[in-house]
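S.K.: Here it is: the structure, laid out below.
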Amino acid sequence: MADIVPVQLAYEAAVRAIADQASVVESLRSRAGTIFAATALVTSFLGGFALAGAAEEIEPGSRTGIAIGIFVVLAVLTLAILWPY
């Protein structure tokens with residue numbers, strides 16, 4: 001009977017640790033989703049202005065090209081976080 005108590009305490013501690021880790025991951029995913037939504041909203045509004053005033057081609061080194069590149073990188077990283085494992 002004395003051997004069961006330490007094993008039971010270790011099991012309960014492990015279950016609490018896993019539950020805490022799950023809540024941290026869920027919180028991270030929630031924040032990533034919020035950042036992605038805000039980025040998409042800002043890109044949709046400001047991207048229209050940038051593309052309307054841009055030349056025929058968007059150069060990779062221009063401000064518009066850099067902004068689009070940053071959005072794509074942010075979108076890929078955010079979707080990697082939001083992807084269900």
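Residue numbering restarts at 1 in every chain; chains get A, B, ... in the order shown in the structure tokens, and ligands count up from 1 in that same order.
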Would you please extract all alpha helix (DSSP H) residues from chain A, as assigned by DSSP on the backbone, and give them as an MDAnalysis selection string?
M.R.: chainID A and resid 4:53 63:82
S.K.: Do a neighbour search on range 10-27 of chain A at 12 Å with only C-alpha atoms, toss out local chain neighbours closer than 5 positions, and write the hits as a VMD selection string.
M.R.: chain A and resid 3 to 5 32 to 34 81 to 85
S.K.: Thr43 in chain A: which residues within 12 Å, counting only C-alpha atoms, same-chain residues fewer than 5 positions away excluded, as a list in words?
M.R.: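 The residues satisfying every condition are Ile35, Phe36, Ala37, Ala38, Gly48, Phe49, Ala50, Leu51, Thr64, Ala67, Ile68, Gly69, Ile70, Phe71, Val72, Leu74 and Ala75 of chain A.
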S.K.: Could you save the residues just selected, with N, CA and C atoms, as an mmCIF file, in the first residue's frame?
M.R.:
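Wrote it out as out_30.cif, contents follow:
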```
data_model
loop_
_atom_site.group_PDB
_atom_site.id
_atom_site.type_symbol
_atom_site.label_atom_id
_atom_site.label_comp_id
_atom_site.auth_asym_id
_atom_site.auth_seq_id
_atom_site.Cartn_x
_atom_site.Cartn_y
_atom_site.Cartn_z
ATOM 1 N N ILE A 35 -2.850 37.232 -34.462
ATOM 2 C CA ILE A 35 -1.828 37.969 -35.216
ATOM 3 C C ILE A 35 -2.016 37.763 -36.715
ATOM 4 N N PHE A 36 -2.330 36.538 -37.117
ATOM 5 C CA PHE A 36 -2.540 36.258 -38.534
ATOM 6 C C PHE A 36 -3.745 37.024 -39.077
ATOM 7 N N ALA A 37 -4.825 37.073 -38.299
ATOM 8 C CA ALA A 37 -6.012 37.806 -38.739
ATOM 9 C C ALA A 37 -5.724 39.298 -38.854
ATOM 10 N N ALA A 38 -5.012 39.855 -37.890
ATOM 11 C CA ALA A 38 -4.672 41.276 -37.941
ATOM 12 C C ALA A 38 -3.753 41.578 -39.118
ATOM 13 N N GLY A 48 -3.813 47.053 -51.145
ATOM 14 C CA GLY A 48 -4.520 47.644 -52.283
ATOM 15 C C GLY A 48 -3.948 48.989 -52.672
ATOM 16 N N PHE A 49 -3.655 49.815 -51.674
ATOM 17 C CA PHE A 49 -3.046 51.116 -51.952
ATOM 18 C C PHE A 49 -1.649 50.959 -52.533
ATOM 19 N N ALA A 50 -0.891 50.043 -51.987
ATOM 20 C CA ALA A 50 0.488 49.851 -52.452
ATOM 21 C C ALA A 50 0.521 49.315 -53.871
ATOM 22 N N LEU A 51 -0.367 48.389 -54.167
ATOM 23 C CA LEU A 51 -0.377 47.814 -55.511
ATOM 24 C C LEU A 51 -0.968 48.774 -56.535
ATOM 25 N N THR A 64 7.273 47.593 -51.473
ATOM 26 C CA THR A 64 6.091 46.745 -51.672
ATOM 27 C C THR A 64 6.480 45.281 -51.741
ATOM 28 N N ALA A 67 7.393 44.102 -48.258
ATOM 29 C CA ALA A 67 6.192 43.948 -47.429
ATOM 30 C C ALA A 67 5.437 42.665 -47.786
ATOM 31 N N ILE A 68 5.325 42.380 -49.074
ATOM 32 C CA ILE A 68 4.653 41.148 -49.493
ATOM 33 C C ILE A 68 5.447 39.933 -49.042
ATOM 34 N N GLY A 69 6.755 40.003 -49.147
ATOM 35 C CA GLY A 69 7.599 38.898 -48.697
ATOM 36 C C GLY A 69 7.469 38.650 -47.204
ATOM 37 N N ILE A 70 7.438 39.719 -46.427
ATOM 38 C CA ILE A 70 7.278 39.579 -44.973
ATOM 39 C C ILE A 70 5.917 38.975 -44.644
ATOM 40 N N PHE A 71 4.881 39.392 -45.364
ATOM 41 C CA PHE A 71 3.560 38.821 -45.123
ATOM 42 C C PHE A 71 3.542 37.329 -45.429
ATOM 43 N N VAL A 72 4.183 36.938 -46.521
ATOM 44 C CA VAL A 72 4.202 35.516 -46.886
ATOM 45 C C VAL A 72 4.946 34.706 -45.823
ATOM 46 N N LEU A 74 5.400 35.502 -42.644
ATOM 47 C CA LEU A 74 4.576 35.490 -41.443
ATOM 48 C C LEU A 74 3.411 34.513 -41.592
ATOM 49 N N ALA A 75 2.805 34.478 -42.758
ATOM 50 C CA ALA A 75 1.685 33.563 -42.984
ATOM 51 C C ALA A 75 2.137 32.110 -42.884
#
```
S.K.: For the atom pair CA of Gly47 in chain A and CA of Arg29 in chain A, what is the interatomic distance in Å to one decimal place?
M.R.: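 So the answer is 25.5 Å.
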S.K.: Rounded to one decimal in Å, what is the spacing between CA of Ser62 in chain A and CA of Leu77 in chain A?
M.R.: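 One can read the CA of Ser62 in chain A to CA of Leu77 in chain A distance as 22.6 Å.
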